[in-house]
file work-v9.cif (mmCIF, C-alpha atoms)
data_data
#
loop_
_atom_site.label_atom_id
_atom_site.label_comp_id
_atom_site.auth_asym_id
_atom_site.auth_seq_id
_atom_site.Cartn_x
_atom_site.Cartn_y
_atom_site.Cartn_z
CA MET A 18 -31.42 -43.25 -0.33
CA ASN A 19 -28.05 -44.95 0.22
CA VAL A 20 -24.99 -44.27 -1.90
CA ALA A 21 -22.91 -47.34 -2.71
CA GLY A 22 -19.33 -47.18 -3.90
CA ILE A 23 -16.63 -49.64 -4.84
CA GLY A 24 -16.29 -52.39 -2.29
CA GLY A 25 -19.23 -51.36 -0.16
CA THR A 26 -20.77 -48.08 0.75
CA TRP A 27 -19.05 -44.82 -0.01
CA GLY A 28 -17.31 -43.16 2.93
CA GLY A 29 -17.10 -46.30 5.00
CA GLY A 30 -20.74 -46.25 6.01
CA LYS A 31 -24.17 -45.64 4.65
CA GLN A 32 -24.65 -42.09 3.50
CA LYS A 33 -28.05 -40.43 3.43
CA LEU A 34 -28.86 -38.04 0.60
CA GLU A 35 -31.07 -35.06 1.18
CA LYS A 36 -34.62 -35.21 -0.04
CA PRO A 37 -35.13 -34.05 -3.62
CA GLN A 38 -36.03 -30.38 -4.12
CA ALA A 39 -39.63 -31.21 -4.92
CA GLU A 40 -40.06 -32.79 -1.51
CA THR A 41 -38.34 -30.03 0.48
CA GLY A 42 -40.05 -27.19 -1.38
CA LYS A 43 -36.78 -25.22 -1.62
CA SER A 44 -35.32 -23.86 -4.82
CA PHE A 45 -31.91 -25.00 -6.02
CA GLN A 46 -30.40 -21.61 -5.03
CA GLU A 47 -31.90 -21.85 -1.55
CA SER A 48 -30.54 -25.37 -1.11
CA ILE A 49 -27.03 -24.33 -2.20
CA ALA A 50 -27.16 -21.19 -0.04
CA GLU A 51 -28.10 -23.30 2.96
CA VAL A 52 -25.21 -25.71 2.43
CA SER A 53 -22.56 -23.07 1.61
CA GLY A 54 -23.48 -20.68 4.40
CA MET A 55 -23.89 -17.84 1.89
CA THR A 56 -27.04 -15.95 1.09
CA THR A 57 -28.68 -16.38 -2.29
CA GLN A 58 -27.62 -12.83 -3.16
CA GLU A 59 -23.98 -13.57 -2.29
CA LEU A 60 -24.06 -16.74 -4.37
CA MET A 61 -25.53 -14.88 -7.35
CA GLU A 62 -22.81 -12.21 -7.03
CA GLU A 63 -20.08 -14.88 -6.97
CA LEU A 64 -21.57 -16.57 -10.02
CA GLY A 65 -21.73 -13.23 -11.79
CA LYS A 66 -18.06 -12.58 -11.02
CA ALA A 67 -17.07 -16.02 -12.31
CA LYS A 68 -19.08 -15.53 -15.51
CA GLU A 69 -17.51 -12.10 -16.07
CA GLU A 70 -14.03 -13.55 -15.55
CA LEU A 71 -14.71 -16.30 -18.09
CA TYR A 72 -16.10 -13.76 -20.56
CA LYS A 73 -12.97 -11.59 -20.26
CA LYS A 74 -10.68 -14.60 -20.71
CA ALA A 75 -12.65 -15.66 -23.79
CA GLN A 76 -12.34 -12.18 -25.29
CA LYS A 77 -8.57 -12.16 -24.71
CA GLY A 78 -8.20 -15.70 -26.09
CA GLU A 79 -6.84 -16.99 -22.79
CA LEU A 80 -9.20 -19.94 -22.46
CA GLU A 81 -7.65 -23.33 -23.02
CA GLU A 82 -9.48 -26.21 -24.61
CA SER A 83 -9.93 -29.14 -22.25
CA PHE A 84 -10.45 -32.81 -22.99
CA GLN A 85 -12.53 -35.27 -21.01
CA ILE A 86 -10.45 -38.28 -19.97
CA GLY A 87 -12.36 -40.68 -17.79
CA GLY A 88 -13.97 -38.76 -14.95
CA GLN A 89 -11.71 -35.72 -15.31
CA ALA A 90 -11.09 -32.99 -17.84
CA PHE A 91 -7.58 -31.72 -18.60
CA THR A 92 -6.20 -28.80 -20.58
CA LEU A 93 -3.13 -29.53 -22.68
CA LYS A 94 -0.90 -27.84 -20.08
CA GLU A 95 -2.44 -29.88 -17.25
CA TRP A 96 -2.12 -33.09 -19.28
CA ASP A 97 1.53 -32.39 -20.10
CA LYS A 98 2.26 -31.68 -16.43
CA LEU A 99 0.54 -34.92 -15.41
CA MET A 100 2.45 -36.92 -18.03
CA ASP A 101 5.76 -35.33 -16.97
CA SER A 102 5.17 -36.30 -13.33
CA PHE A 103 4.15 -39.81 -14.41
CA ASP A 104 7.24 -40.16 -16.62
CA SER A 105 9.45 -38.92 -13.79
CA ALA A 106 7.98 -41.45 -11.37
CA GLN A 107 8.33 -44.20 -13.96
CA ASP A 108 12.00 -43.30 -14.56
CA LYS A 109 12.70 -43.41 -10.81
CA LEU A 110 11.02 -46.80 -10.54
CA LYS A 111 13.02 -48.12 -13.49
CA ALA A 112 16.28 -46.89 -11.91
CA MET A 113 15.37 -48.55 -8.59
CA LEU A 114 14.59 -51.84 -10.32
CA GLU A 115 17.87 -51.77 -12.27
CA GLU A 116 19.78 -51.08 -9.05
CA ARG A 117 18.03 -53.98 -7.33
CA MET A 118 18.80 -56.30 -10.22
CA GLU A 119 22.49 -55.32 -10.02
CA GLN A 120 22.51 -56.02 -6.28
CA GLN A 121 20.89 -59.41 -6.86
CA LYS A 122 23.45 -60.26 -9.57
CA LYS A 123 26.31 -59.30 -7.23
CA ALA A 124 24.81 -61.36 -4.42
CA ALA A 125 24.38 -64.34 -6.76
CA MET A 126 27.98 -64.03 -7.99
CA GLN A 127 29.30 -63.83 -4.41
CA ALA A 128 27.24 -66.88 -3.43
CA GLU A 129 28.57 -68.74 -6.46
CA LEU A 130 32.16 -67.82 -5.55
CA ARG A 131 31.61 -69.00 -1.97
CA ASN A 132 30.26 -72.32 -3.24
CA GLU A 133 33.30 -72.75 -5.50
CA ASP A 134 35.66 -71.95 -2.60
CA GLU A 135 33.90 -74.46 -0.35
CA GLU A 136 34.05 -77.17 -3.02
CA GLY A 137 37.64 -76.53 -4.04
#
call {"tool": "encode", "arguments": {"input": "work-v9.cif", "output": "structure tokens"}}
result
Amino acid sequence: MNVAGIGGTWGGGKQKLEKPQAETGKSFQESIAEVSGMTTQELMEELGKAKEELYKKAQKGELEESFQIGGQAFTLKEWDKLMDSFDSAQDKLKAMLEERMEQQKKAAMQAELRNEDEEG
């Protein structure tokens, strides 16, 4: 099966997907273990650790609510940080545009003065 993306195929060329689990006869855990280079036991231990960490955070009230925006999810802190960086970039762009407009005005005034000097 080929994977197509925007403007052609994803990754610059045709990508082949692995056969579905039913065709390979491997379980999901076995497939993931094969790809990650970890044994099924190691993967299960890592998942257990992650679940325990989430459980502890939930008990302490440290989990933040996240919101789905397009293809990504953001917590309020992450969203605020993203908006701050966007606002900063927008402010820099605005300052650059204002500076350019001033330079163009000065250049236009100088050209106008030169034309007046040449005529007079």
call {"tool": "atom_distance", "arguments": {"input": "work-v9.cif", "atom1": "atom CA of A:Phe45", "atom2": "atom CA of A:Thr57"}}
result
9.9 Å
call {"tool": "axis_aligned_box", "arguments": {"input": "work-v9.cif", "around": "stretch 49-67 of chain A", "padding_each_side": "3 Å", "output": "lines of an AutoDock Vina configuration file"}}
result
center_x = -22.9
center_y = -19.0
center_z = -4.0
size_x = 17.6
size_y = 19.5
size_z = 22.7
call {"tool": "residues_around", "arguments": {"input": "work-v9.cif", "residues": "A:Glu82", "least_positions_apart": "3", "cutoff": "9 Å", "atoms": "all atoms listed in the file", "output": "PyMOL selection string"}}
result
chain A and resi 91-93
call {"tool": "residues_around", "arguments": {"input": "work-v9.cif", "residues": "A:Leu60", "least_positions_apart": "5", "cutoff": "10 Å", "atoms": "only C-alpha atoms", "output": "ChimeraX atom specification"}}
result
/A:46-47,49-50,53-55,65-66
call {"tool": "atom_distance", "arguments": {"input": "work-v9.cif", "atom1": "atom CA of A:Phe103", "atom2": "atom CA of A:Glu81"}}
result
22.0 Å
call {"tool": "atom_distance", "arguments": {"input": "work-v9.cif", "atom1": "atom CA of A:Leu80", "atom2": "atom CA of A:Met61"}}
result
22.8 Å
call {"tool": "decode", "arguments": {"input": "work-v9.cif", "residues": "stretch 57-110 of chain A", "atoms": "C-alpha atoms", "output": "PDB file, in the first residue's frame"}}
result
ATOM      1  CA  THR A  57       7.923  -7.524  24.785  1.00  0.00           C
ATOM      2  CA  GLN A  58       8.737  -7.738  28.489  1.00  0.00           C
ATOM      3  CA  GLU A  59      10.764  -4.502  28.364  1.00  0.00           C
ATOM      4  CA  LEU A  60       7.951  -2.750  26.510  1.00  0.00           C
ATOM      5  CA  MET A  61       5.393  -3.916  29.067  1.00  0.00           C
ATOM      6  CA  GLU A  62       7.626  -2.668  31.896  1.00  0.00           C
ATOM      7  CA  GLU A  63       7.979   0.750  30.231  1.00  0.00           C
ATOM      8  CA  LEU A  64       4.226   0.969  29.733  1.00  0.00           C
ATOM      9  CA  GLY A  65       3.695   0.027  33.366  1.00  0.00           C
ATOM     10  CA  LYS A  66       6.086   2.773  34.486  1.00  0.00           C
ATOM     11  CA  ALA A  67       4.319   5.340  32.313  1.00  0.00           C
ATOM     12  CA  LYS A  68       0.910   4.302  33.650  1.00  0.00           C
ATOM     13  CA  GLU A  69       2.159   4.492  37.244  1.00  0.00           C
ATOM     14  CA  GLU A  70       3.592   7.963  36.612  1.00  0.00           C
ATOM     15  CA  LEU A  71       0.280   9.161  35.182  1.00  0.00           C
ATOM     16  CA  TYR A  72      -1.606   7.656  38.116  1.00  0.00           C
ATOM     17  CA  LYS A  73       0.637   9.465  40.630  1.00  0.00           C
ATOM     18  CA  LYS A  74       0.257  12.772  38.781  1.00  0.00           C
ATOM     19  CA  ALA A  75      -3.527  12.333  38.725  1.00  0.00           C
ATOM     20  CA  GLN A  76      -3.572  11.672  42.474  1.00  0.00           C
ATOM     21  CA  LYS A  77      -1.513  14.804  43.152  1.00  0.00           C
ATOM     22  CA  GLY A  78      -3.650  16.902  40.784  1.00  0.00           C
ATOM     23  CA  GLU A  79      -0.668  17.660  38.558  1.00  0.00           C
ATOM     24  CA  LEU A  80      -2.296  16.641  35.283  1.00  0.00           C
ATOM     25  CA  GLU A  81      -3.195  19.485  32.973  1.00  0.00           C
ATOM     26  CA  GLU A  82      -6.218  19.458  30.728  1.00  0.00           C
ATOM     27  CA  SER A  83      -5.322  19.533  27.055  1.00  0.00           C
ATOM     28  CA  PHE A  84      -7.318  20.723  24.070  1.00  0.00           C
ATOM     29  CA  GLN A  85      -7.273  19.304  20.570  1.00  0.00           C
ATOM     30  CA  ILE A  86      -6.463  21.999  18.016  1.00  0.00           C
ATOM     31  CA  GLY A  87      -6.153  20.649  14.517  1.00  0.00           C
ATOM     32  CA  GLY A  88      -3.796  17.682  14.542  1.00  0.00           C
ATOM     33  CA  GLN A  89      -2.210  18.574  17.883  1.00  0.00           C
ATOM     34  CA  ALA A  90      -3.245  18.774  21.509  1.00  0.00           C
ATOM     35  CA  PHE A  91      -2.038  21.570  23.794  1.00  0.00           C
ATOM     36  CA  THR A  92      -2.230  22.200  27.518  1.00  0.00           C
ATOM     37  CA  LEU A  93      -2.978  25.767  28.561  1.00  0.00           C
ATOM     38  CA  LYS A  94       0.703  26.323  29.426  1.00  0.00           C
ATOM     39  CA  GLU A  95       1.833  24.965  26.046  1.00  0.00           C
ATOM     40  CA  TRP A  96      -0.774  27.078  24.233  1.00  0.00           C
ATOM     41  CA  ASP A  97       0.264  30.236  26.084  1.00  0.00           C
ATOM     42  CA  LYS A  98       3.923  29.562  25.272  1.00  0.00           C
ATOM     43  CA  LEU A  99       3.058  29.026  21.600  1.00  0.00           C
ATOM     44  CA  MET A 100       0.994  32.223  21.489  1.00  0.00           C
ATOM     45  CA  ASP A 101       3.771  34.200  23.206  1.00  0.00           C
ATOM     46  CA  SER A 102       6.319  33.027  20.631  1.00  0.00           C
ATOM     47  CA  PHE A 103       3.874  33.816  17.816  1.00  0.00           C
ATOM     48  CA  ASP A 104       3.166  37.284  19.235  1.00  0.00           C
ATOM     49  CA  SER A 105       6.887  37.934  19.603  1.00  0.00           C
ATOM     50  CA  ALA A 106       7.551  36.944  15.998  1.00  0.00           C
ATOM     51  CA  GLN A 107       4.617  39.054  14.840  1.00  0.00           C
ATOM     52  CA  ASP A 108       5.913  42.090  16.773  1.00  0.00           C
ATOM     53  CA  LYS A 109       9.373  41.679  15.205  1.00  0.00           C
ATOM     54  CA  LEU A 110       7.840  41.458  11.744  1.00  0.00           C
TER      55      LEU A 110
END
